[in-house]
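Asks: Quick one: the structure is below, questions incoming.
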Amino acid sequence: MSVLEAHPHAAAVLGAALRTRPSHAYLFHGPAGSGKREAARAFAAELLARDAPDPENAKARALAGVHPDLTWVAPSGAHIMLRGDVDQSVVAAAGHTPFEASWRVFVLERVDTMDDPAANTLLKTLEEPPSYVVLILLTDKPTQVLPTITSRCQGVRFDPLPPLRLAEKLESQGVAPIVARACARLSLGDGERAVALALGEGPALRARAEAFARAALRGEVGRAKPWGEVLDAARTAGRAAEAELERALAEELEYLPEKEHRRKQTEFTERARRAARRAETAGLDHALQLAGLWYRDLACLAADAEELVLATDRLEELRSDIATYPCQGLQEALELVEDTRMRLPFNVSYDLALQALAYRLERALGGLPVTA
């Protein structure tokens with residue numbers, strides 16, 4: 001599988017499984033964008049093509065996500081995988097023999113978000129799966145996966161893609177080299193975030209995050225209210241996610257009898273609300289991460305370690321901040337940002353959280369009011 005070229009550990013484990021017999025459960029772990037999902041789909045396709053009358057056709061359907069023996073599950077909760085996500089689609093379905101292949105493959109995304117009821121529901125299938133079942137669990141945060149789940153899976157490690165390789169991928173999509181290198185470094189090995197930074201709304205996201213970080217340095221938090229644009233952008237992303245599900249609902253209703261419409265509308269309304277919250281949280285988290293990395297880069301410059309700066313296309317602005325403002329308390333500022341990021345999934349008021357953070361940063365950094 002070409003997707004595994006940059007991941008020798010994963011290639012060794014999965015290659016051996018394809019040559020012999022796969023384990024009943026795998027935990028694919030590594031940074032977002034490192035290739036776990038592509039590898040899971042490719043591995044499933046190879047398994048489902050084995051002994052098939054038309055292997056290439058079986059593989060093509062699996063890669064397209066339409067093979068009847070491949071089930072793909074994502075969390076439906078705003079921030080967690082619920083029992084209902086695994087009850088019927090995985091646990092109950094695993095009790096039925098394959099439709100046409102030798103295996104039934106179940107892929108579960110973001111298993112670090114699985115709550116206790118979901119984990120307990122899945123546990124028996126993990127402990128005593130039917131011989132034809134292969135479970136592939138995916139996570140960007142392996143330390144947050146419940147130990148009862150981890151201990152019953154074979155680990156498959158996906159390493160972060162090096163910045164140079166990420167930059168090359170971005171340049172191949174038309175991104176200017178200096179911007180590609182900066183976005184690759186700022187992504188911290190997360191390939192999805194590298195793309196999100198370099199393309200589409202990425203430049204605007206960076207600008208908003210940097211304005212948020214620099215307002216505290218300049219002592220202009222009260223005047224600029226830098227959280228406003230960050231919140232507006234996150235809410236826009238939430239509405240877009242909600243609208244996407246509403247379009248999916250409209251399409252599904254066309255093929256359902258009218259008596260089923262009310263039930264389906266109620267179901268989709270809740271799913272849309274959760275999807276909006278997830279998208280909003282993700283947007284805020286990324287903006288705050290970038291704000292924190294601005295302070296990190298300032299600390300590197302202050303320590304005469306320019307070679308460690310991540311935002312290499314912003315060196316002039318960073319040098320200006322070092323020369324103009326006190327830039328004290330950078331470590332405290334980083335801790336304040338990370339603390340707020342950790343609180344985002346816990347139903348906090350985003351507006352109040354970002355306002356409080358901005359003022360605390362201003363105090364920590366000794367921000368000086370800008371004079372005319």
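Identifiers in this document derive from the order of the structure tokens: chains are assigned A, B, ..., residues are numbered from 1 separately in each chain, and ligands are numbered from 1 in order of occurrence.
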Hey, what's within 8 Å of segment 65-68 of chain A if we count only C-alpha atoms and toss same-chain stuff fewer than 6 positions away? As a PyMOL selection string, please?
Replies: chain A and resi 58+99-100
Asks: Can you pull out every residue within 12 Å of segment 214-225 of chain A, counting only C-alpha atoms, but drop anything in the same chain fewer than 6 positions away, and send it as JSON, numbers by chain?
Replies: {"A": [207, 208, 231, 290, 291, 292, 293, 294, 295, 298, 317, 318, 320, 321, 322, 323, 324, 325, 326, 327, 328, 329, 330, 333, 351, 352, 354, 355, 356, 357, 358, 359, 360, 361, 362, 363, 364, 365, 366, 367, 368, 369, 370, 371]}
Asks: Report the distance between atom CA of Val337 of chain A and atom CA of Pro226 of chain A in Å, rounded to one decimal place.
Replies: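 Between atom CA of Val337 of chain A and atom CA of Pro226 of chain A the gap is 14.3 Å.
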Asks: Compile a residue-level contact table for segment 2-70 of chain A against segment 134-148 of chain A at a cut-off of 9 Å, reporting for every qualifying residue the shortest atom pair and its distance in Å to one decimal, with only C-alpha atoms counted, rows ordered by chain and ascending number, as a Markdown table.
Replies:
```
| residue | atom | partner | partner_atom | distance |
| --- | --- | --- | --- | --- |
| A:Pro22 | CA | A:Val134 | CA | 7.4 |
| A:Ser23 | CA | A:Val134 | CA | 6.9 |
| A:His24 | CA | A:Val134 | CA | 4.7 |
| A:Ala25 | CA | A:Leu135 | CA | 4.5 |
| A:Tyr26 | CA | A:Ile136 | CA | 4.9 |
| A:Leu27 | CA | A:Leu137 | CA | 4.7 |
| A:Phe28 | CA | A:Leu138 | CA | 4.9 |
| A:His29 | CA | A:Thr139 | CA | 5.1 |
| A:Gly30 | CA | A:Asp140 | CA | 5.2 |
| A:Pro31 | CA | A:Asp140 | CA | 5.0 |
| A:Ala32 | CA | A:Asp140 | CA | 5.6 |
| A:Lys36 | CA | A:Leu138 | CA | 7.0 |
| A:Arg37 | CA | A:Leu138 | CA | 7.5 |
| A:Ala40 | CA | A:Ile136 | CA | 7.0 |
| A:Ala44 | CA | A:Val134 | CA | 8.8 |
```
Asks: May I have the residues from that selection written out with N, CA and C atoms, as a CSV table (one decimal), in the first residue's frame?
Replies:
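Output contents, as saved in out_7.csv:
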```csv
chain,number,residue,atom,x,y,z
A,22,PRO,N,-5.2,-11.5,9.6
A,22,PRO,CA,-5.2,-10.3,10.4
A,22,PRO,C,-5.6,-10.5,11.8
A,23,SER,N,-5.2,-9.6,12.7
A,23,SER,CA,-5.7,-9.7,14.1
A,23,SER,C,-7.2,-9.3,14.1
A,24,HIS,N,-7.8,-9.5,15.2
A,24,HIS,CA,-9.2,-9.1,15.3
A,24,HIS,C,-9.4,-7.6,15.5
A,25,ALA,N,-8.4,-6.9,16.0
A,25,ALA,CA,-8.6,-5.5,16.3
A,25,ALA,C,-7.3,-4.8,16.2
A,26,TYR,N,-7.3,-3.6,15.6
A,26,TYR,CA,-6.1,-2.7,15.5
A,26,TYR,C,-6.4,-1.3,16.0
A,27,LEU,N,-5.4,-0.7,16.6
A,27,LEU,CA,-5.6,0.7,17.0
A,27,LEU,C,-4.5,1.5,16.2
A,28,PHE,N,-5.0,2.2,15.2
A,28,PHE,CA,-4.2,3.1,14.3
A,28,PHE,C,-4.0,4.4,15.1
A,29,HIS,N,-2.8,4.8,15.5
A,29,HIS,CA,-2.7,6.0,16.2
A,29,HIS,C,-1.5,6.9,15.6
A,30,GLY,N,-1.7,8.2,15.6
A,30,GLY,CA,-0.8,9.1,15.1
A,30,GLY,C,-1.4,10.4,14.8
A,31,PRO,N,-0.7,11.5,14.5
A,31,PRO,CA,-1.3,12.8,14.3
A,31,PRO,C,-2.3,12.8,13.2
A,32,ALA,N,-3.3,13.7,13.3
A,32,ALA,CA,-4.2,13.9,12.2
A,32,ALA,C,-3.5,14.3,10.9
A,36,LYS,N,-3.8,7.8,8.5
A,36,LYS,CA,-4.4,6.7,9.2
A,36,LYS,C,-5.7,6.3,8.4
A,37,ARG,N,-6.5,7.3,8.1
A,37,ARG,CA,-7.8,7.0,7.4
A,37,ARG,C,-7.6,6.3,6.1
A,40,ALA,N,-6.4,2.9,6.7
A,40,ALA,CA,-7.5,2.0,7.1
A,40,ALA,C,-8.4,1.5,5.9
A,44,ALA,N,-8.6,-2.3,4.6
A,44,ALA,CA,-9.9,-2.9,4.4
A,44,ALA,C,-10.1,-3.4,3.0
```
Asks: Would you kindly return, as an mmCIF file with C-alpha atoms, in the first residue's frame, each protein, DNA or RNA residue with an atom no farther than 9 Å from any atom of Arg341 of chain A, considering only C-alpha atoms and excluding same-chain residues fewer than 2 positions away?
Replies:
```cif
data_model
loop_
_atom_site.group_PDB
_atom_site.id
_atom_site.type_symbol
_atom_site.label_atom_id
_atom_site.label_comp_id
_atom_site.auth_asym_id
_atom_site.auth_seq_id
_atom_site.Cartn_x
_atom_site.Cartn_y
_atom_site.Cartn_z
ATOM 1 C CA LEU A 284 -11.698 28.017 17.904
ATOM 2 C CA ASP A 285 -9.173 25.373 18.910
ATOM 3 C CA HIS A 286 -7.114 25.905 15.764
ATOM 4 C CA LEU A 288 -6.039 29.470 19.759
ATOM 5 C CA GLN A 289 -3.312 26.998 18.855
ATOM 6 C CA LEU A 336 -3.233 30.344 29.550
ATOM 7 C CA VAL A 337 -3.919 29.565 25.882
ATOM 8 C CA GLU A 338 -3.541 25.812 26.394
ATOM 9 C CA ASP A 339 -5.796 25.891 29.454
ATOM 10 C CA ARG A 343 -11.835 23.752 28.345
ATOM 11 C CA LEU A 344 -13.491 24.227 24.953
ATOM 12 C CA PRO A 345 -15.179 20.784 24.776
#
```
Asks: What separation in Å, quoted to one decimal, exists between atom CA of Ala92 of chain A and atom CA of Val105 of chain A?
Replies: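 We find that atom CA of Ala92 of chain A and atom CA of Val105 of chain A lie 13.4 Å from each other.
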Asks: From the options A:His7, A:Glu270, A:Asp190, A:Ala234, which residue's atoms come nearest to Leu205 of chain A, counting only C-alpha atoms?
Replies: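 Once distances to Leu205 of chain A are computed over only C-alpha atoms, the minimum belongs to A:Ala234.
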Asks: Counting only C-alpha atoms, what is within 12 Å of Thr236 of chain A, bar same-chain residues fewer than 2 positions away, as a PyMOL selection string?
Replies: chain A and resi 201+229-234+238-243+276-277+279-284
Asks: Assign secondary structure with DSSP using the backbone only, and return the residues of segment 63-193 of chain A in strand (DSSP E) as a ChimeraX atom specification.
Replies: /A:70-73,104-108,133-139,154-157
Asks: Could you please take those selected residues and save C-alpha atoms as a PDB file, in the first residue's frame?
Replies:
```pdb
ATOM      1  CA  LEU A  70     -17.215  -2.385   5.291  1.00  0.00           C
ATOM      2  CA  THR A  71     -18.784  -0.235   8.031  1.00  0.00           C
ATOM      3  CA  TRP A  72     -17.355   3.213   8.850  1.00  0.00           C
ATOM      4  CA  VAL A  73     -18.396   4.830  12.148  1.00  0.00           C
ATOM      5  CA  ARG A 104     -16.537  -7.914   7.941  1.00  0.00           C
ATOM      6  CA  VAL A 105     -14.424  -4.817   8.580  1.00  0.00           C
ATOM      7  CA  PHE A 106     -15.492  -2.074  10.998  1.00  0.00           C
ATOM      8  CA  VAL A 107     -13.599   1.234  11.145  1.00  0.00           C
ATOM      9  CA  LEU A 108     -14.256   3.527  14.129  1.00  0.00           C
ATOM     10  CA  VAL A 133     -14.611  -9.632  12.194  1.00  0.00           C
ATOM     11  CA  VAL A 134     -11.758  -7.124  11.900  1.00  0.00           C
ATOM     12  CA  LEU A 135     -12.042  -3.883  13.897  1.00  0.00           C
ATOM     13  CA  ILE A 136      -9.871  -0.873  13.038  1.00  0.00           C
ATOM     14  CA  LEU A 137      -9.921   1.905  15.614  1.00  0.00           C
ATOM     15  CA  LEU A 138      -8.479   5.327  14.747  1.00  0.00           C
ATOM     16  CA  THR A 139      -7.219   8.041  17.086  1.00  0.00           C
ATOM     17  CA  GLN A 154      -2.759  -4.350  18.271  1.00  0.00           C
ATOM     18  CA  GLY A 155      -1.157  -0.936  18.018  1.00  0.00           C
ATOM     19  CA  VAL A 156      -0.225   0.456  14.605  1.00  0.00           C
ATOM     20  CA  ARG A 157       1.868   3.641  14.776  1.00  0.00           C
TER      21      ARG A 157
END
```
Asks: Rounded to one decimal in Å, what is the spacing between atom CA of Leu48 of chain A and atom CA of Pro160 of chain A?
Replies: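 Atom-to-atom, atom CA of Leu48 of chain A and atom CA of Pro160 of chain A are spaced 28.1 Å apart.
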Asks: For Glu171 of chain A, work out the shell of residues within 7 Å, counting only C-alpha atoms and skipping chain neighbours fewer than 5 positions away, then give it as number ranges by chain.
Replies: A: 176-177, 180
Asks: Let's have the selection written as a PDB file, in the first residue's frame, with C-alpha atoms.
Replies:
```
ATOM      1  CA  ALA A 176       4.078  29.621  -2.499  1.00  0.00           C
ATOM      2  CA  PRO A 177       7.221  27.906  -1.093  1.00  0.00           C
ATOM      3  CA  ALA A 180       4.151  26.228   2.394  1.00  0.00           C
TER       4      ALA A 180
END
```
Asks: Run DSSP on the backbone and tell me which residues of segment 145-246 of chain A come out as helix (DSSP H, G or I); list them as a short mmCIF file (atom, residue, chain, number, x, y, z; two decimals) with N, CA and C atoms, in the first residue's frame.
Replies:
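Below is the file that was written, result.cif:
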```
data_model
loop_
_atom_site.label_atom_id
_atom_site.label_comp_id
_atom_site.auth_asym_id
_atom_site.auth_seq_id
_atom_site.Cartn_x
_atom_site.Cartn_y
_atom_site.Cartn_z
N PRO A 147 -8.05 2.56 28.58
CA PRO A 147 -7.13 1.41 28.64
C PRO A 147 -7.80 0.07 28.33
N THR A 148 -9.06 -0.08 28.69
CA THR A 148 -9.76 -1.33 28.40
C THR A 148 -9.89 -1.56 26.89
N ILE A 149 -9.90 -0.49 26.12
CA ILE A 149 -9.95 -0.59 24.67
C ILE A 149 -8.55 -0.84 24.10
N THR A 150 -7.59 -0.03 24.54
CA THR A 150 -6.21 -0.13 24.03
C THR A 150 -5.64 -1.53 24.24
N PRO A 163 8.08 18.23 8.23
CA PRO A 163 7.67 19.50 7.61
C PRO A 163 8.06 19.61 6.13
N LEU A 164 9.23 19.09 5.78
CA LEU A 164 9.66 19.21 4.38
C LEU A 164 8.71 18.48 3.46
N ARG A 165 8.27 17.30 3.87
CA ARG A 165 7.34 16.53 3.02
C ARG A 165 5.98 17.22 2.95
N LEU A 166 5.51 17.73 4.09
CA LEU A 166 4.24 18.47 4.08
C LEU A 166 4.33 19.70 3.19
N ALA A 167 5.45 20.40 3.26
CA ALA A 167 5.64 21.60 2.43
C ALA A 167 5.62 21.24 0.96
N GLU A 168 6.25 20.12 0.60
CA GLU A 168 6.25 19.69 -0.80
C GLU A 168 4.84 19.40 -1.29
N LYS A 169 4.03 18.77 -0.42
CA LYS A 169 2.64 18.49 -0.79
C LYS A 169 1.86 19.78 -1.01
N LEU A 170 2.10 20.78 -0.15
CA LEU A 170 1.41 22.06 -0.30
C LEU A 170 1.86 22.78 -1.56
N GLU A 171 3.16 22.76 -1.83
CA GLU A 171 3.66 23.41 -3.05
C GLU A 171 3.06 22.77 -4.29
N PRO A 177 6.29 28.67 -1.94
CA PRO A 177 7.22 27.91 -1.09
C PRO A 177 7.39 28.46 0.32
N ILE A 178 7.53 29.78 0.48
CA ILE A 178 7.76 30.33 1.82
C ILE A 178 6.54 30.13 2.71
N VAL A 179 5.35 30.23 2.12
CA VAL A 179 4.11 30.00 2.89
C VAL A 179 3.95 28.51 3.18
N ALA A 180 4.27 27.68 2.21
CA ALA A 180 4.15 26.23 2.39
C ALA A 180 5.04 25.76 3.54
N ARG A 181 6.26 26.27 3.60
CA ARG A 181 7.17 25.86 4.68
C ARG A 181 6.64 26.31 6.04
N ALA A 182 6.13 27.52 6.11
CA ALA A 182 5.60 28.02 7.38
C ALA A 182 4.38 27.22 7.82
N CYS A 183 3.44 26.98 6.91
CA CYS A 183 2.23 26.23 7.26
C CYS A 183 2.56 24.80 7.67
N ALA A 184 3.55 24.20 7.00
CA ALA A 184 3.96 22.85 7.36
C ALA A 184 4.52 22.82 8.77
N ARG A 185 5.33 23.82 9.13
CA ARG A 185 5.91 23.86 10.48
C ARG A 185 4.83 24.17 11.53
N LEU A 186 3.94 25.10 11.20
CA LEU A 186 2.88 25.48 12.15
C LEU A 186 1.87 24.37 12.38
N GLY A 191 -1.16 16.87 9.07
CA GLY A 191 -1.30 17.13 7.64
C GLY A 191 -2.59 17.85 7.30
N GLU A 192 -3.68 17.54 8.04
CA GLU A 192 -4.95 18.20 7.77
C GLU A 192 -4.88 19.68 8.09
N ARG A 193 -4.22 20.02 9.20
CA ARG A 193 -4.11 21.43 9.57
C ARG A 193 -3.15 22.17 8.65
N ALA A 194 -2.15 21.50 8.14
CA ALA A 194 -1.25 22.15 7.18
C ALA A 194 -2.03 22.61 5.95
N VAL A 195 -2.88 21.74 5.44
CA VAL A 195 -3.70 22.09 4.27
C VAL A 195 -4.69 23.20 4.63
N ALA A 196 -5.31 23.07 5.81
CA ALA A 196 -6.29 24.08 6.24
C ALA A 196 -5.65 25.45 6.39
N LEU A 197 -4.38 25.50 6.78
CA LEU A 197 -3.69 26.78 6.96
C LEU A 197 -3.31 27.40 5.63
N ALA A 198 -2.94 26.57 4.67
CA ALA A 198 -2.36 27.08 3.43
C ALA A 198 -3.40 27.43 2.38
N GLY A 202 -7.53 29.47 5.17
CA GLY A 202 -6.35 29.39 6.01
C GLY A 202 -5.65 30.72 6.27
N PRO A 203 -5.34 31.50 5.23
CA PRO A 203 -4.68 32.79 5.47
C PRO A 203 -5.49 33.71 6.38
N ALA A 204 -6.82 33.73 6.21
CA ALA A 204 -7.66 34.56 7.07
C ALA A 204 -7.65 34.03 8.50
N LEU A 205 -7.64 32.72 8.68
CA LEU A 205 -7.56 32.13 10.01
C LEU A 205 -6.28 32.56 10.71
N ARG A 206 -5.16 32.48 9.99
CA ARG A 206 -3.89 32.89 10.58
C ARG A 206 -3.92 34.36 10.98
N ALA A 207 -4.47 35.19 10.12
CA ALA A 207 -4.52 36.63 10.40
C ALA A 207 -5.33 36.91 11.66
N ARG A 208 -6.47 36.25 11.81
CA ARG A 208 -7.30 36.46 13.00
C ARG A 208 -6.59 35.98 14.27
N ALA A 209 -5.93 34.83 14.18
CA ALA A 209 -5.24 34.29 15.35
C ALA A 209 -4.07 35.19 15.75
N GLU A 210 -3.34 35.68 14.77
CA GLU A 210 -2.21 36.56 15.07
C GLU A 210 -2.69 37.89 15.65
N ALA A 211 -3.80 38.41 15.13
CA ALA A 211 -4.36 39.66 15.67
C ALA A 211 -4.78 39.46 17.13
N PHE A 212 -5.35 38.29 17.44
CA PHE A 212 -5.74 37.98 18.81
C PHE A 212 -4.51 37.97 19.72
N ALA A 213 -3.45 37.30 19.27
CA ALA A 213 -2.23 37.20 20.09
C ALA A 213 -1.57 38.56 20.27
N ARG A 214 -1.52 39.36 19.21
CA ARG A 214 -0.78 40.61 19.26
C ARG A 214 -1.54 41.72 19.99
N ALA A 215 -2.87 41.63 20.05
CA ALA A 215 -3.64 42.64 20.77
C ALA A 215 -3.25 42.67 22.24
N ALA A 216 -2.98 41.51 22.82
CA ALA A 216 -2.58 41.45 24.22
C ALA A 216 -1.21 42.07 24.43
N LEU A 217 -0.32 41.89 23.46
CA LEU A 217 1.01 42.51 23.55
C LEU A 217 0.91 44.03 23.50
N ARG A 218 0.01 44.53 22.68
CA ARG A 218 -0.09 45.97 22.43
C ARG A 218 -0.94 46.70 23.47
N VAL A 221 -6.55 45.18 23.97
CA VAL A 221 -7.62 44.19 24.03
C VAL A 221 -8.98 44.86 24.20
N GLY A 222 -9.07 45.82 25.13
CA GLY A 222 -10.35 46.47 25.39
C GLY A 222 -10.89 47.21 24.20
N ARG A 223 -9.99 47.81 23.41
CA ARG A 223 -10.44 48.57 22.24
C ARG A 223 -10.71 47.67 21.05
N ALA A 224 -9.80 46.74 20.78
CA ALA A 224 -9.90 45.93 19.55
C ALA A 224 -10.88 44.77 19.67
N TRP A 227 -11.39 38.94 20.04
CA TRP A 227 -12.11 37.66 20.01
C TRP A 227 -13.30 37.68 19.05
N GLY A 228 -13.75 38.86 18.68
CA GLY A 228 -14.96 38.97 17.87
C GLY A 228 -14.85 38.26 16.53
N GLU A 229 -13.79 38.56 15.78
CA GLU A 229 -13.64 37.94 14.46
C GLU A 229 -13.37 36.44 14.57
N VAL A 230 -12.64 36.04 15.62
CA VAL A 230 -12.37 34.61 15.82
C VAL A 230 -13.68 33.86 16.06
N LEU A 231 -14.53 34.42 16.91
CA LEU A 231 -15.83 33.78 17.18
C LEU A 231 -16.73 33.77 15.96
N ASP A 232 -16.76 34.88 15.22
CA ASP A 232 -17.61 34.95 14.03
C ASP A 232 -17.23 33.88 13.02
N ALA A 233 -15.93 33.69 12.82
CA ALA A 233 -15.47 32.69 11.85
C ALA A 233 -15.83 31.28 12.31
N ALA A 234 -15.69 31.02 13.61
CA ALA A 234 -16.03 29.70 14.13
C ALA A 234 -17.53 29.43 13.98
N ARG A 235 -18.33 30.44 14.23
CA ARG A 235 -19.79 30.27 14.09
C ARG A 235 -20.18 30.05 12.64
N THR A 236 -19.47 30.71 11.74
CA THR A 236 -19.72 30.49 10.31
C THR A 236 -19.43 29.04 9.94
N ALA A 237 -18.32 28.50 10.47
CA ALA A 237 -17.99 27.10 10.21
C ALA A 237 -19.06 26.17 10.79
N GLY A 238 -19.59 26.53 11.96
CA GLY A 238 -20.65 25.73 12.56
C GLY A 238 -21.91 25.73 11.72
N ARG A 239 -22.28 26.91 11.23
CA ARG A 239 -23.48 26.99 10.38
C ARG A 239 -23.30 26.22 9.09
N ALA A 240 -22.09 26.23 8.53
CA ALA A 240 -21.83 25.49 7.30
C ALA A 240 -21.98 23.98 7.54
N ALA A 241 -21.48 23.50 8.68
CA ALA A 241 -21.62 22.07 9.00
C ALA A 241 -23.09 21.70 9.19
N GLU A 242 -23.84 22.60 9.82
CA GLU A 242 -25.26 22.36 10.03
C GLU A 242 -26.01 22.33 8.69
N ALA A 243 -25.66 23.27 7.82
CA ALA A 243 -26.33 23.34 6.51
C ALA A 243 -26.04 22.09 5.68
N GLU A 244 -24.83 21.55 5.82
CA GLU A 244 -24.48 20.34 5.07
C GLU A 244 -25.37 19.18 5.48
N LEU A 245 -25.62 19.04 6.77
CA LEU A 245 -26.50 17.97 7.23
C LEU A 245 -27.95 18.21 6.82
N GLU A 246 -28.35 19.46 6.79
CA GLU A 246 -29.71 19.77 6.35
C GLU A 246 -29.90 19.39 4.88
#
```
Asks: Do a neighbour search on Pro117 of chain A at 12 Å with only C-alpha atoms, toss out local chain neighbours closer than 3 positions, and write the hits as number ranges by chain.
Replies: A: 80-87, 113-114, 120-123, 146
Asks: Extract, using only C-alpha atoms, all DNA, RNA and protein residues at most 10 Å from Thr269 of chain A, discarding same-chain residues fewer than 3 positions from it, and format them as a list in words.
Replies: Glu242, Leu245, Glu246, Leu249, Lys264, Gln265, Thr266, Ala272, Arg273, Arg274 and Ala275 of chain A
